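Engineer: The structure follows.
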Amino acid sequence: MDIQKLLYIDRRIIYLLVAIGALIPIIRPIGLPVVPTAPVKGLFNKIDTLGPDDAVMISFDYGPSSEPELNPMAAAILRHLFIRKVRVLVVAIFPLGGVSMAIQQLERVSQEFDLQYGVDYVNLGYKDGGQAPMKAMGVSIHDVFPADVDGRPTDEMSLIQQVVNYDDIDVVISLATGVIGEWWANLINAQFGVDVAVGCTAVSAPKYYAYLRSGQMIGLLGGLKGASEYEKLLIDRYPEARELYGKPEEAKKSAITGMDVQSIVHVIIIAFIIFGNTMYFALRRSQRR
Amino acid sequence: MRLWYAFIMIVVCFNVWFGSDALAVEIEDFAAQDTPSDGGQSIDLRWVATGRGKVFILRSTARDSAFSVVGEALASDGAYTDFGVEEGVNYYYRLGWMSGGDTLQTHTVGPAVAKSNWFRKYRSNALVTTALMFFLVITFVNRAKKGHPLYIRRIAGLSSIDEAVGRATEMGKKILYIPGILSLSEIQTIASLSILKHIAKLTAIYGTDIEVPNKDPLVFSAARETVREAYLEAGKPDQYREEMVTYLTYDQFAYAASVTAKMVREKPATNFLIGSFFAESLILAETGQAVGAIQIAGTADIPQLPFFVTACDYTLLGEELFAASAYLSHEPVLLGSIKAQDVMKAIIMVVVGIGIVTYALGSEFIKNLLLTR
Amino acid sequence: MRRTLPLFLTFVVGMFPIFAFFVPHRAVSDLNQQLDTWLVIVAAFALPLGVVNLVGSNITKIKRKQKGWPYSIVLLAGLSVMAFYGIMGGEQGFHPKFQYMFVNMVSPLQATMFSLLAFYVASAAYRAFRARNIEATVLLAAAIIVMLGRIPFGDMLTGGRMTPLSEWIMTKPNAAAQRGIIIGAALGAASMQIRVILGIERTYLGKGQE
């Protein structure tokens with residue numbers, strides 16, 4: 001066989017094998033084990049210390065494109081917060097679909113718990129202007145969001161009356177694509193001192209390690225792997241979470257199941273890299289001869 | 001609103017009475033003063049507490065009457081910032097807590113007045129750094145104006161622009177220039193437009209076709225102006241066509257779909273991907289690679305750099321993008337600012353180096369000096 | 001005047017946020033917020049320019065029956081229907097039909113485009129990761145460790161050593177290199193911004209250098 005041909009293999013063959021590798025675990029899940037890492041434990045352990053007197057803000061800073069990676073994260077974090085009865089304020093800074101993601105996830109998770117809107121949680125909706133509303137919330141959340149996502153006045157909600165600004169918030173969690181997660185870490189944490197954690201797509205995870213190491217973030221969930229680790233911690237710690245994720249329709253959507261796909265595709269890519277290098281050295285040897 | 005405060009009062013009393021925190025509290029040195037270095041939005045309260053439990057903050061605009069609860073804190077916090085105040089109004093404060101079924105209060109403190117301040121003292125270090133950066137830029141620009149020679153190292157990505165444009169000219173195919181997906185408020189986009197002008201001048205001189213598809217409407221307007229101006233400066237205004245700069249969509253992935261479709265259909269000879277990119281970077285660069293285009297990329301978005309390095313022939317890494325206009329024009333004034341940037345980097349390296357050593361020796365002086373909010 | 005006014009405006013508008021960063025006074029912060037609002041308004045005014053260009057070029061394409069003209073009809077139909085229900089939905093854009101189209105059409109289409117990355121990463125990795133020299137070999141080894149560290153197989157093969165090793169690569173060499181690039185890029189951006197504010201850099205204005 002011509003080594004040159006194998007070395008410059010038609011990329012469609014690679015695409016086909018990746019597609020097959022992604023399909024198989026969807027049809028027949030493998031159930032590979034998940035080991036939680038320190039950046040994920042950082043956020044989990046922080047939330048584990050919070051209770052009904054505390055409040056957490058979740059900023060939905062992603063759109064439908066990152067949904068497969070970030071929705072399981074959103075669901076797991078919301079479940080953790082609601083199990084611990086922590087009050088939750090949801091906002092959206094990402095213009096293209098952030099608020100839709102927030103509505104979907106809140107609708108999905110809030111019905112699993114006995115919660116009162118405006119008291120236990122609130123969806124404040126989208127605010128345009130990127131950094132401007134983020135900074136303004138340092139003075140007054142109510143001034144930035146006088147009405148919630150459905151136009152209801154927030155000054156009538158006890159949650160907004162009690163949580164005035166970042167001083168009353170224990171952690172801000174940004175589920176982010178693009179640059180917004182960085183703004184929370186290097187702008188809001190730096191200026192207001194509030195703890196920040198970021199859940200991001202796997203591709204942007206490397207840049208956040210610098211912020212994590214410097215203490216500007218307390219936790220990091222990178223891609224589907226981060227989400228699966230969070231689910232694992234939650235399932236191991238709370239029986240009610242185990243029950244939730246045990247339901248077939250939830251198990252299908254979980255990051256732990258998704259990790260099967262990621263694992264197989266990674267193995268295929270590694271196999272291709274090894275194959276490519278083998279062919280490369282074989283070619284070099286034949287050229288030397 | 002008063003009803004609400006009454007409700008809070010009852011809840012607070014209930015919590016304190018029945019909660020585990022219902023232990024004796026003693027407050028000393030209670031004081032209220034304007035929050036320093038702010039815009040007059042708040043008043044800082046400070047106290048020293050012995051014992052555990054919650055305290056509630058009472059505020060009034062009169063010294064002896066009409067106090068209402070405006071917040072609560074743990075006694076052990078020793079501090080509370082009241083954001084519910086108006087600038088220039090006299091406020092009086094008391095702290096209240098429950099002890100053995102009785103409601104106790106401190107004496108009244110005040111008046112405290114929230115004032116707008118003119119300087120954020122805690123940003124003094126940032127001010128010094130900013131001033132130093134301005135000083136260095138102005139100094140080196142002036143030196144360059146006086147004719148001091150300035151050296152700038154070879155940047156492969158920029159040196160190969162001529163070759164890339166020449167290739168498209170020889171092949172009789174178009175050049176695709178993608179100026180990133182962020183708006184004009186992003187400095188990378190401004191840097192990209194500077195490079196676009198240089199390339200548009202070359203395409204005007206060689207008579208090569210160029211297309212600039214846009215995601216952001218502001219960049220679209222600016223890019224159109226830039227290309228038109230480049231053709232004018234090259235003495236070929238008649239060759240400029242409005243279709244050279246087009247608007248596609250504001251949606252990131254719809255934009256990526258449209259541009260990759262252009263690549264596949266029209267098979268451009270050269271692709272420039274210069275500006276701010278996110279997840280679409282690899283989709284664009286890998287498609288360009290697949291259709292056999294020579295590709296020059298440039299971005300300061302660090303997560304995208306590995307993708308560009310993998311799929312493109314040349315990549316401008318981070319600061320190289322910002323040095324491009326100086327490099328391409330060889331204008332001494334612009335080179336002067338690059339020199340200033342290098343000097344600043346050297347200063348930062350020295351300070352960080354000293355910081356590492358002193359921190360290892362147990363001193364937090366440099367760390368605290370560099371901390372900013 | 002045509003030359004000076006834009007430079008003067010750039011100087012004032014560029015310097016003001018720097019000034020506001022250090023000056024907390026309400027008068028300054030209010031004006032700074034106004035500037036942010038103006039940016040949104042200016043961008044909103046630029047959007048119709050883009051839409052006019054998009055509609056114009058596609059109508060021309062349909063009129064001239066250029067290659068792929070039926071797609072232009074699809075584009076214009078999509079644009080009009082989505083915009084219509086978006087405007088009908090008010091400030092947050094939640095007309096039920098808009099939401100329906102967003103969830104069932106925009107959402108899966110975007111996810112599809114994003115998931116293409118998996119295929120492109122595979123082909124790019126196959127091409128790029130070759131042990132051509134020492135540096136490339138180090139890169140290759142690091143890539144394989146991180147990839148294995150991100151999946152359970154890695155730990156299964158190495159008795160749980162791959163995840164800590166991969167985390168070490170991410171938190172130590174990766175974070176250090178990222179910081180280096182961040183500092184360099186930030187300084188480059190600051191230098192460029194100062195050039196723009198002081199009017200030294202004018203290429204973006206279409207007016208050439210000094």
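Simple scheme: letters A, B, ... for chains in structure tokens order, numbers from 1 for residues in each chain, numbers from 1 for ligands in the order shown.
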Give the residues of chain A that lie within 9 Å of chain B; count only C-alpha atoms, and format the answer as a PyMOL selection string.
Structural biologist: chain A and resi 11+65+96+139-140+158+162+164-165+167+177-179+187-193+203-207
Engineer: Applying 10 Å and only C-alpha atoms, which residues near stretch 52-68 of chain C remain after dropping the ones on its own chain fewer than 4 positions away? List them as a PyMOL selection string.
Structural biologist: (chain B and resi 217+220+242-243+245-249) or (chain C and resi 47-48+72-73+75-76+79)
Engineer: Set out as CSV a contact list for stretch 57-136 of chain A and stretch 29-35 of chain C with a cut-off of 12 Å, giving each residue of stretch 57-136 of chain A that qualifies its closest atom pair and distance in Å to one decimal, counting only C-alpha atoms, ordered by chain and rising residue number.
Structural biologist:
residue,atom,partner,partner_atom,distance
A:Gly129,CA,C:Gln33,CA,10.0
A:Gln131,CA,C:Gln33,CA,10.6
A:Ala132,CA,C:Gln33,CA,7.3
A:Pro133,CA,C:Gln33,CA,9.6
A:Lys135,CA,C:Gln33,CA,10.3
A:Ala136,CA,C:Gln33,CA,9.2
Engineer: Restricting the output to N, CA and C atoms, write the selected residues as a CSV table (one decimal), in the first residue's frame.
Structural biologist:
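Contents of out29.csv, as written:
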chain,number,residue,atom,x,y,z
A,129,GLY,N,-25.8,45.5,26.7
A,129,GLY,CA,-24.7,46.4,27.1
A,129,GLY,C,-23.5,45.7,27.7
A,131,GLN,N,-20.6,44.7,29.6
A,131,GLN,CA,-20.0,45.0,30.9
A,131,GLN,C,-20.8,46.1,31.7
A,132,ALA,N,-21.5,46.9,31.0
A,132,ALA,CA,-22.2,48.0,31.7
A,132,ALA,C,-23.2,47.5,32.8
A,133,PRO,N,-24.2,46.6,32.4
A,133,PRO,CA,-25.1,46.1,33.4
A,133,PRO,C,-24.4,45.3,34.5
A,135,LYS,N,-21.5,45.8,35.7
A,135,LYS,CA,-20.9,46.7,36.7
A,135,LYS,C,-22.0,47.4,37.5
A,136,ALA,N,-23.1,47.8,36.8
A,136,ALA,CA,-24.2,48.5,37.5
A,136,ALA,C,-24.8,47.6,38.6
Engineer: Show me which bits of chain C are within 6 Å of chain B, counting only C-alpha atoms, as a ChimeraX atom specification.
Structural biologist: /C:22-26,46-47,50,54,110,128,184-185,188,203-204,206
Engineer: Figure out the distance between atom CA of C:Gly160 and atom CA of A:Arg79, please, to one decimal in Å.
Structural biologist: 28.5 Å
Engineer: What's the 12 Å shell around stretch 134-139 of chain C, counting only C-alpha atoms, without same-chain residues fewer than 3 positions away, as a ChimeraX atom specification?
Structural biologist: /A:273-274,277 /B:306,310 /C:125,128-131,142-146,169,173-174
Engineer: Using only C-alpha atoms, can you tell me which of A:Gln4, A:Asn45, A:Gln116, A:Ser100 comes closest to A:Val171?
Structural biologist: A:Asn45
Engineer: Please determine the contact residues of chain C with respect to chain A at a cut-off of 6 Å, counting only C-alpha atoms, and supply them as a ChimeraX atom specification.
Structural biologist: /C:107,110-111,114,119,122,126,130,151-152,171,175
Engineer: Hey, can you spit out that residue selection with all heavy atoms as a JSON list (two decimals), in the first residue's frame?
Structural biologist:
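The new file part06.json reads:
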[["chain", "number", "residue", "atom", "x", "y", "z"],
["C", 107, "SER", "N", -32.01, 27.04, 17.07],
["C", 107, "SER", "CA", -31.25, 26.29, 18.07],
["C", 107, "SER", "C", -30.56, 25.05, 17.48],
["C", 107, "SER", "O", -29.35, 24.90, 17.58],
["C", 107, "SER", "CB", -32.20, 25.93, 19.20],
["C", 107, "SER", "OG", -31.51, 25.60, 20.31],
["C", 110, "GLN", "N", -27.74, 26.02, 14.98],
["C", 110, "GLN", "CA", -26.51, 26.52, 15.63],
["C", 110, "GLN", "C", -25.73, 25.36, 16.25],
["C", 110, "GLN", "O", -24.52, 25.29, 16.13],
["C", 110, "GLN", "CB", -26.87, 27.53, 16.71],
["C", 110, "GLN", "CG", -27.32, 28.84, 16.14],
["C", 110, "GLN", "CD", -27.10, 29.98, 17.11],
["C", 110, "GLN", "OE1", -26.74, 29.76, 18.25],
["C", 110, "GLN", "NE2", -27.32, 31.19, 16.66],
["C", 111, "ALA", "N", -26.47, 24.47, 16.93],
["C", 111, "ALA", "CA", -25.80, 23.33, 17.57],
["C", 111, "ALA", "C", -25.12, 22.46, 16.51],
["C", 111, "ALA", "O", -24.02, 21.93, 16.74],
["C", 111, "ALA", "CB", -26.82, 22.51, 18.37],
["C", 114, "PHE", "N", -21.90, 24.15, 15.48],
["C", 114, "PHE", "CA", -20.90, 24.03, 16.55],
["C", 114, "PHE", "C", -20.34, 22.61, 16.60],
["C", 114, "PHE", "O", -19.14, 22.41, 16.79],
["C", 114, "PHE", "CB", -21.54, 24.41, 17.89],
["C", 114, "PHE", "CG", -20.53, 24.52, 19.01],
["C", 114, "PHE", "CD1", -19.60, 25.53, 19.01],
["C", 114, "PHE", "CD2", -20.52, 23.61, 20.06],
["C", 114, "PHE", "CE1", -18.67, 25.65, 20.04],
["C", 114, "PHE", "CE2", -19.60, 23.72, 21.08],
["C", 114, "PHE", "CZ", -18.68, 24.75, 21.07],
["C", 119, "PHE", "N", -15.56, 17.23, 14.04],
["C", 119, "PHE", "CA", -14.98, 16.66, 12.83],
["C", 119, "PHE", "C", -13.71, 17.42, 12.42],
["C", 119, "PHE", "O", -12.71, 16.83, 12.05],
["C", 119, "PHE", "CB", -16.01, 16.69, 11.69],
["C", 119, "PHE", "CG", -17.25, 15.90, 12.01],
["C", 119, "PHE", "CD1", -18.37, 16.51, 12.55],
["C", 119, "PHE", "CD2", -17.26, 14.52, 11.82],
["C", 119, "PHE", "CE1", -19.49, 15.78, 12.87],
["C", 119, "PHE", "CE2", -18.39, 13.78, 12.14],
["C", 119, "PHE", "CZ", -19.51, 14.40, 12.67],
["C", 122, "ALA", "N", -10.78, 16.68, 14.61],
["C", 122, "ALA", "CA", -10.19, 15.38, 14.29],
["C", 122, "ALA", "C", -9.26, 15.49, 13.09],
["C", 122, "ALA", "O", -8.11, 15.02, 13.13],
["C", 122, "ALA", "CB", -11.30, 14.36, 14.04],
["C", 126, "TYR", "N", -5.14, 15.24, 13.20],
["C", 126, "TYR", "CA", -4.46, 14.19, 12.43],
["C", 126, "TYR", "C", -3.32, 14.81, 11.60],
["C", 126, "TYR", "O", -2.23, 14.26, 11.50],
["C", 126, "TYR", "CB", -5.47, 13.49, 11.51],
["C", 126, "TYR", "CG", -4.82, 12.47, 10.60],
["C", 126, "TYR", "CD1", -4.36, 11.26, 11.10],
["C", 126, "TYR", "CD2", -4.65, 12.73, 9.24],
["C", 126, "TYR", "CE1", -3.75, 10.34, 10.28],
["C", 126, "TYR", "CE2", -4.04, 11.80, 8.40],
["C", 126, "TYR", "CZ", -3.59, 10.60, 8.93],
["C", 126, "TYR", "OH", -2.98, 9.69, 8.11],
["C", 130, "ARG", "N", 2.37, 15.74, 14.35],
["C", 130, "ARG", "CA", 3.39, 14.83, 13.82],
["C", 130, "ARG", "C", 4.68, 15.08, 14.61],
["C", 130, "ARG", "O", 5.07, 16.24, 14.81],
["C", 130, "ARG", "CB", 3.68, 15.13, 12.34],
["C", 130, "ARG", "CG", 2.53, 14.86, 11.42],
["C", 130, "ARG", "CD", 2.47, 13.39, 11.00],
["C", 130, "ARG", "NE", 1.11, 13.00, 10.68],
["C", 130, "ARG", "CZ", 0.50, 13.24, 9.52],
["C", 130, "ARG", "NH1", 1.14, 13.84, 8.56],
["C", 130, "ARG", "NH2", -0.76, 12.87, 9.32],
["C", 151, "ILE", "N", -10.92, 11.97, 29.47],
["C", 151, "ILE", "CA", -11.89, 10.86, 29.32],
["C", 151, "ILE", "C", -11.57, 9.75, 30.33],
["C", 151, "ILE", "O", -10.43, 9.58, 30.73],
["C", 151, "ILE", "CB", -11.89, 10.30, 27.88],
["C", 151, "ILE", "CG1", -10.48, 9.84, 27.46],
["C", 151, "ILE", "CG2", -12.44, 11.31, 26.90],
["C", 151, "ILE", "CD1", -10.43, 9.09, 26.16],
["C", 152, "PRO", "N", -12.59, 8.98, 30.73],
["C", 152, "PRO", "CA", -12.36, 7.93, 31.73],
["C", 152, "PRO", "C", -11.35, 6.86, 31.29],
["C", 152, "PRO", "O", -10.68, 6.28, 32.14],
["C", 152, "PRO", "CB", -13.76, 7.31, 31.91],
["C", 152, "PRO", "CG", -14.70, 8.35, 31.42],
["C", 152, "PRO", "CD", -14.00, 9.11, 30.35],
["C", 171, "THR", "N", -2.95, 23.31, 34.65],
["C", 171, "THR", "CA", -2.83, 24.36, 35.68],
["C", 171, "THR", "C", -1.42, 24.93, 35.79],
["C", 171, "THR", "O", -1.26, 26.03, 36.31],
["C", 171, "THR", "CB", -3.26, 23.83, 37.08],
["C", 171, "THR", "OG1", -2.53, 22.64, 37.34],
["C", 171, "THR", "CG2", -4.73, 23.55, 37.15],
["C", 175, "ALA", "N", -1.28, 27.29, 32.15],
["C", 175, "ALA", "CA", -1.67, 28.58, 32.76],
["C", 175, "ALA", "C", -0.53, 29.59, 32.67],
["C", 175, "ALA", "O", -0.77, 30.78, 32.41],
["C", 175, "ALA", "CB", -2.09, 28.36, 34.21]]
